file upload-v3.txt (compact mmCIF, C-alpha atoms)
# COMPACT_ATOMS: atom_id res chain seq x y z
CA ASP A 13 85.86 87.90 118.82
CA VAL A 14 87.50 89.29 115.74
CA LYS A 15 86.89 92.93 115.26
CA VAL A 16 87.30 94.81 112.01
CA THR A 17 86.79 98.55 112.26
CA GLN A 18 86.55 101.15 109.54
CA SER A 19 87.38 104.79 110.14
CA SER A 20 84.06 106.24 109.01
CA ARG A 21 80.51 104.98 108.51
CA TYR A 22 79.57 107.84 106.21
CA LEU A 23 81.78 110.12 104.15
CA VAL A 24 81.02 112.89 101.69
CA LYS A 25 83.79 114.13 99.43
CA ARG A 26 84.08 116.37 96.40
CA THR A 27 85.18 115.31 92.95
CA GLY A 28 88.96 115.42 92.64
CA GLU A 29 89.68 115.08 96.35
CA LYS A 30 92.10 112.47 97.64
CA VAL A 31 90.24 110.11 99.93
CA PHE A 32 91.61 107.73 102.54
CA LEU A 33 89.55 104.85 103.92
CA GLU A 34 91.14 103.13 106.89
CA CYS A 35 90.59 99.60 108.14
CA VAL A 36 91.98 98.00 111.28
CA GLN A 37 91.69 94.41 112.49
CA ASP A 38 92.66 93.16 115.91
CA MET A 39 93.21 89.43 115.37
CA ASP A 40 96.62 89.27 113.72
CA HIS A 41 95.16 88.18 110.38
CA GLU A 42 97.53 87.93 107.46
CA ASN A 43 95.02 88.71 104.72
CA MET A 44 93.01 91.88 104.31
CA PHE A 45 90.62 92.92 101.56
CA TRP A 46 88.78 95.90 100.18
CA TYR A 47 85.46 95.46 98.35
CA ARG A 48 82.91 97.83 97.00
CA GLN A 49 79.23 96.95 97.09
CA ASP A 50 76.75 98.31 94.59
CA PRO A 51 73.09 97.39 94.03
CA GLY A 52 72.74 94.56 91.54
CA LEU A 53 76.50 94.00 91.34
CA GLY A 54 77.15 92.39 94.69
CA LEU A 55 80.63 92.62 96.19
CA ARG A 56 83.53 93.36 93.88
CA LEU A 57 87.11 92.97 95.05
CA ILE A 58 89.24 96.08 94.64
CA TYR A 59 92.55 95.04 96.23
CA PHE A 60 93.81 92.57 98.75
CA SER A 61 96.94 92.11 100.81
CA TYR A 62 98.34 88.84 102.08
CA ASP A 63 101.16 90.32 104.12
CA VAL A 64 102.64 93.61 105.21
CA LYS A 65 103.67 95.73 102.23
CA MET A 66 102.23 93.12 99.85
CA LYS A 67 99.25 93.84 97.65
CA GLU A 68 97.39 92.27 94.77
CA LYS A 69 94.90 93.80 92.38
CA GLY A 70 91.40 92.51 92.53
CA ASP A 71 88.72 92.74 89.88
CA ILE A 72 88.31 96.53 89.80
CA PRO A 73 91.52 98.28 90.91
CA GLU A 74 91.32 101.22 88.53
CA GLY A 75 91.20 104.55 90.34
CA TYR A 76 92.27 103.02 93.65
CA SER A 77 95.49 102.27 95.48
CA VAL A 78 96.22 100.63 98.83
CA SER A 79 98.75 100.73 101.60
CA ARG A 80 99.64 98.16 104.23
CA GLU A 81 102.52 99.34 106.38
CA LYS A 82 101.41 97.42 109.48
CA LYS A 83 99.78 94.04 109.74
CA GLU A 84 96.64 95.32 111.43
CA ARG A 85 95.95 98.24 109.10
CA PHE A 86 94.92 98.32 105.44
CA SER A 87 94.16 101.61 103.76
CA LEU A 88 92.26 102.24 100.56
CA ILE A 89 93.13 105.43 98.70
CA LEU A 90 91.11 107.16 96.04
CA GLU A 91 93.73 109.34 94.36
CA SER A 92 91.19 111.66 92.73
CA ALA A 93 87.64 110.86 93.71
CA SER A 94 85.02 110.70 91.00
CA THR A 95 81.24 110.44 91.17
CA ASN A 96 81.31 106.84 89.90
CA GLN A 97 83.20 105.90 93.06
CA THR A 98 80.14 106.67 95.14
CA SER A 99 79.52 103.33 96.81
CA MET A 100 79.61 101.25 99.97
CA TYR A 101 83.15 100.15 100.79
CA LEU A 102 83.70 97.04 102.87
CA CYS A 103 86.93 95.92 104.47
CA ALA A 104 87.55 92.32 105.50
CA SER A 105 90.29 90.23 107.06
CA ARG A 106 91.07 86.53 107.11
CA LYS A 107 93.52 84.23 108.86
CA ILE A 108 93.93 81.73 105.99
CA ASP A 109 95.75 78.86 107.57
CA ARG A 110 92.93 76.32 107.43
CA PRO A 111 90.38 75.31 104.84
CA GLY A 112 87.15 77.09 105.56
CA ASP A 113 88.66 80.12 107.24
CA GLU A 114 86.05 82.80 106.92
CA GLN A 115 86.43 86.48 106.14
CA TYR A 116 85.44 88.94 108.84
CA PHE A 117 83.91 92.18 107.68
CA GLY A 118 83.86 95.70 109.01
CA PRO A 119 80.61 97.71 109.15
CA GLY A 120 81.30 99.49 105.86
CA THR A 121 81.86 103.07 104.79
CA ARG A 122 79.23 104.68 102.62
CA LEU A 123 81.10 107.16 100.44
CA THR A 124 79.34 109.84 98.45
CA VAL A 125 81.32 111.84 95.91
CA THR A 126 79.63 115.02 94.76
CA GLY B 1 87.50 81.14 86.70
CA ASP B 2 85.60 80.35 89.84
CA SER B 3 82.14 81.84 90.20
CA VAL B 4 79.00 81.77 92.32
CA THR B 5 75.47 82.14 91.02
CA GLN B 6 72.53 82.77 93.30
CA MET B 7 68.89 83.27 92.59
CA GLU B 8 67.73 86.74 91.73
CA GLY B 9 65.71 88.58 94.32
CA PRO B 10 63.94 90.06 95.95
CA VAL B 11 62.30 87.19 97.74
CA THR B 12 59.16 88.22 99.59
CA LEU B 13 57.64 85.87 102.16
CA SER B 14 55.14 85.90 104.97
CA GLU B 15 56.26 85.10 108.48
CA GLU B 16 56.58 81.34 109.16
CA ALA B 17 56.94 80.50 105.45
CA PHE B 18 59.61 78.12 104.17
CA LEU B 19 62.67 79.71 102.61
CA THR B 20 64.99 78.42 99.91
CA ILE B 21 67.67 80.54 98.29
CA ASN B 22 69.48 78.69 95.52
CA CYS B 23 73.23 78.87 95.09
CA THR B 24 75.41 77.05 92.57
CA TYR B 25 79.11 77.37 92.02
CA THR B 26 81.87 76.72 89.54
CA ALA B 27 85.30 75.90 90.90
CA THR B 28 88.42 74.15 89.71
CA GLY B 29 89.27 72.54 93.04
CA TYR B 30 87.42 71.63 96.21
CA PRO B 31 86.31 74.90 97.69
CA SER B 32 84.84 75.76 101.05
CA LEU B 33 81.36 77.27 100.83
CA PHE B 34 79.78 80.02 102.89
CA TRP B 35 76.57 81.91 103.42
CA TYR B 36 76.88 85.46 104.68
CA VAL B 37 74.07 87.74 105.82
CA GLN B 38 73.92 91.53 105.71
CA TYR B 39 71.32 93.26 107.85
CA PRO B 40 70.32 96.81 106.89
CA GLY B 41 73.08 99.32 107.51
CA GLU B 42 75.63 96.71 108.57
CA GLY B 43 78.56 94.79 107.17
CA LEU B 44 78.47 91.11 106.25
CA GLN B 45 78.54 88.43 108.90
CA LEU B 46 79.03 84.72 108.52
CA LEU B 47 75.79 82.74 108.75
CA LEU B 48 77.12 79.23 108.11
CA LYS B 49 79.76 77.32 106.20
CA ALA B 50 80.77 73.88 104.92
CA THR B 51 84.25 72.75 104.05
CA LYS B 52 83.73 69.44 102.25
CA ALA B 53 81.18 67.50 100.26
CA ASP B 54 78.03 66.40 102.14
CA ASP B 55 78.82 68.68 105.07
CA LYS B 56 75.80 70.54 106.41
CA GLY B 57 76.26 73.98 107.86
CA SER B 58 73.60 75.29 110.22
CA ASN B 59 72.97 78.36 112.35
CA LYS B 60 69.92 80.25 113.67
CA GLY B 61 67.57 77.77 112.02
CA PHE B 62 69.22 78.12 108.61
CA GLU B 63 70.81 75.12 106.90
CA ALA B 64 72.77 74.43 103.74
CA THR B 65 74.32 71.20 102.47
CA TYR B 66 77.45 71.06 100.30
CA ARG B 67 76.42 69.04 97.23
CA LYS B 68 79.44 68.31 95.09
CA GLU B 69 77.51 66.32 92.52
CA THR B 70 75.21 69.24 91.74
CA THR B 71 77.76 71.97 92.70
CA SER B 72 75.15 73.55 94.93
CA PHE B 73 74.83 75.02 98.42
CA HIS B 74 71.19 76.05 98.77
CA LEU B 75 70.14 77.95 101.88
CA GLU B 76 66.96 76.82 103.65
CA LYS B 77 64.94 77.76 106.70
CA GLY B 78 61.76 76.09 107.80
CA SER B 79 60.00 79.11 109.26
CA VAL B 80 61.22 82.62 108.57
CA GLN B 81 60.77 85.59 110.86
CA VAL B 82 60.53 89.30 110.17
CA SER B 83 63.98 89.66 111.72
CA ASP B 84 65.42 87.47 108.93
CA SER B 85 64.86 90.28 106.44
CA ALA B 86 68.32 90.94 105.03
CA VAL B 87 70.57 90.37 102.04
CA TYR B 88 72.07 86.88 101.79
CA PHE B 89 75.33 86.17 99.97
CA CYS B 90 76.67 82.80 98.90
CA ALA B 91 80.46 82.59 98.62
CA LEU B 92 83.26 80.15 97.94
CA SER B 93 86.91 79.96 98.84
CA GLU B 94 89.58 77.93 97.15
CA ARG B 95 91.98 76.18 99.50
CA GLN B 96 95.09 78.18 98.95
CA ALA B 97 96.70 81.05 100.72
CA GLY B 98 96.20 84.61 99.65
CA THR B 99 92.86 84.27 97.92
CA ALA B 100 89.70 86.23 98.51
CA LEU B 101 86.25 84.79 98.83
CA ILE B 102 84.22 84.89 95.66
CA PHE B 103 80.70 86.14 96.25
CA GLY B 104 77.41 85.82 94.47
CA LYS B 105 75.45 88.99 93.82
CA GLY B 106 73.25 88.60 96.86
CA THR B 107 69.56 87.86 97.37
CA THR B 108 67.33 90.27 99.24
CA LEU B 109 64.81 88.63 101.55
CA SER B 110 61.85 90.57 102.84
CA VAL B 111 59.59 88.93 105.44
CA SER B 112 56.27 90.49 106.39
CA SER B 113 54.14 89.77 109.45
call {"tool": "encode", "arguments": {"input": "upload-v3.txt", "output": "C-alpha cells"}}
result
Amino acid sequence: DVKVTQSSRYLVKRTGEKVFLECVQDMDHENMFWYRQDPGLGLRLIYFSYDVKMKEKGDIPEGYSVSREKKERFSLILESASTNQTSMYLCASRKIDRPGDEQYFGPGTRLTVT
Amino acid sequence: GDSVTQMEGPVTLSEEAFLTINCTYTATGYPSLFWYVQYPGEGLQLLLKATKADDKGSNKGFEATYRKETTSFHLEKGSVQVSDSAVYFCALSERQAGTALIFGKGTTLSVSS
C-alpha cells in the first residue's frame, strides 16, 4: 500500500516564525502536492511538483514556498507565518502514468498560528 | 477552467436511509472522476472512481456512474450507516501528466441511529 506521511499531526507556531511541513511518500511517485483545507472552501492547491527540483504554483501560493530535493520528499515552507495561515495542510502524491491514477493523501497537519 | 460542483451540506440522515450526493463537473477534455471520503481527524482516502463515460465505480456499498451527457457523477448508497458519517469530496483529473486533481468543496454527511 502507498503510504504518505506528514511530519506532524498538530503544530502551533507564533506569527513571524518560519515553518516547515514535511511530507514523505514511499511509492516512487513522480507527482506530489500540497493543499490547504478550510471550512466552506474545500481543498485549495498551494503548490505541486512533478519531478525532483520541479515545482508549479497552484491556486494560492502566496506566502508559501516548496522544496523537492529528493523524489520521496516534498516540503512546504511558510517563510513568515501569519494567523491567516492557520489551517489543515494536506500532502498528496500520485503516479500519473495512467488515466485514472488517484492521489494518495497523508493524514494532514493542523497548523495553528498565534 | 475545469471545475467541480457538489451539493451543499450538511446532509443529515437516519440510519438505513438512501443517500444521494450530487456532483457535476466542467472539463475541456475527458476527465477521470473520483469520490474521496474524509473521516473525522483523518486525511482523504479514495472511495471510488470512473475513468470513462458510463463506467460505474463502486465500493463499500457506494456507487457512482460517469454520465458524460449530463456531466455528472452522483454518489449513491442504498442504506447508510452511522459509520458513513464523514465529508465526501468529488474530484476530476484531466488526462495529462503533471496535473492535480480538482476538488469540489465537500459535502458533510451526518448519520444518526
call {"tool": "atom_distance", "arguments": {"input": "upload-v3.txt", "atom1": "CA of Leu46 in chain B", "atom2": "CA of Ser77 in chain A"}}
result
27.4 Å
call {"tool": "interface_residues", "arguments": {"input": "upload-v3.txt", "of": "chain A", "to": "chain B", "cutoff": "9 Å", "atoms": "only C-alpha atoms", "output": "PyMOL selection string"}}
result
chain A and resi 42-45+51-57+60-63+70+102-103+106+108-120
call {"tool": "residues_around", "arguments": {"input": "upload-v3.txt", "residues": "range 78-94 of chain A", "least_positions_apart": "4", "cutoff": "9 Å", "atoms": "all atoms listed in the file", "output": "NGL selection string"}}
result
:A and (25-46 or 59-61 or 63-67 or 98 or 103 or 125-126)
call {"tool": "closest_residue", "arguments": {"input": "upload-v3.txt", "among": "B:Phe73, B:Ser110, B:Ser85, B:Gly1", "to": "Thr28 in chain B", "atoms": "only C-alpha atoms"}}
result
B:Gly1
call {"tool": "closest_residue", "arguments": {"input": "upload-v3.txt", "among": "A:Lys69, A:Arg48, A:Lys15, A:Arg21", "to": "Met100 in chain A", "atoms": "all atoms listed in the file"}}
result
A:Arg48
call {"tool": "closest_residue", "arguments": {"input": "upload-v3.txt", "among": "B:Asp2, B:Glu15, B:Asp54, B:Glu63", "to": "Lys77 in chain B", "atoms": "all atoms listed in the file"}}
result
B:Glu63
call {"tool": "atom_distance", "arguments": {"input": "upload-v3.txt", "atom1": "CA of Tyr39 in chain B", "atom2": "CA of Arg122 in chain A"}}
result
14.8 Å
call {"tool": "closest_residue", "arguments": {"input": "upload-v3.txt", "among": "B:Gln6, B:Thr108, B:Ser14, B:Asn22", "to": "Val82 in chain B", "atoms": "only C-alpha atoms"}}
result
B:Ser14
call {"tool": "atom_distance", "arguments": {"input": "upload-v3.txt", "atom1": "CA of Asp50 in chain A", "atom2": "CA of Pro73 in chain A"}}
result
15.2 Å
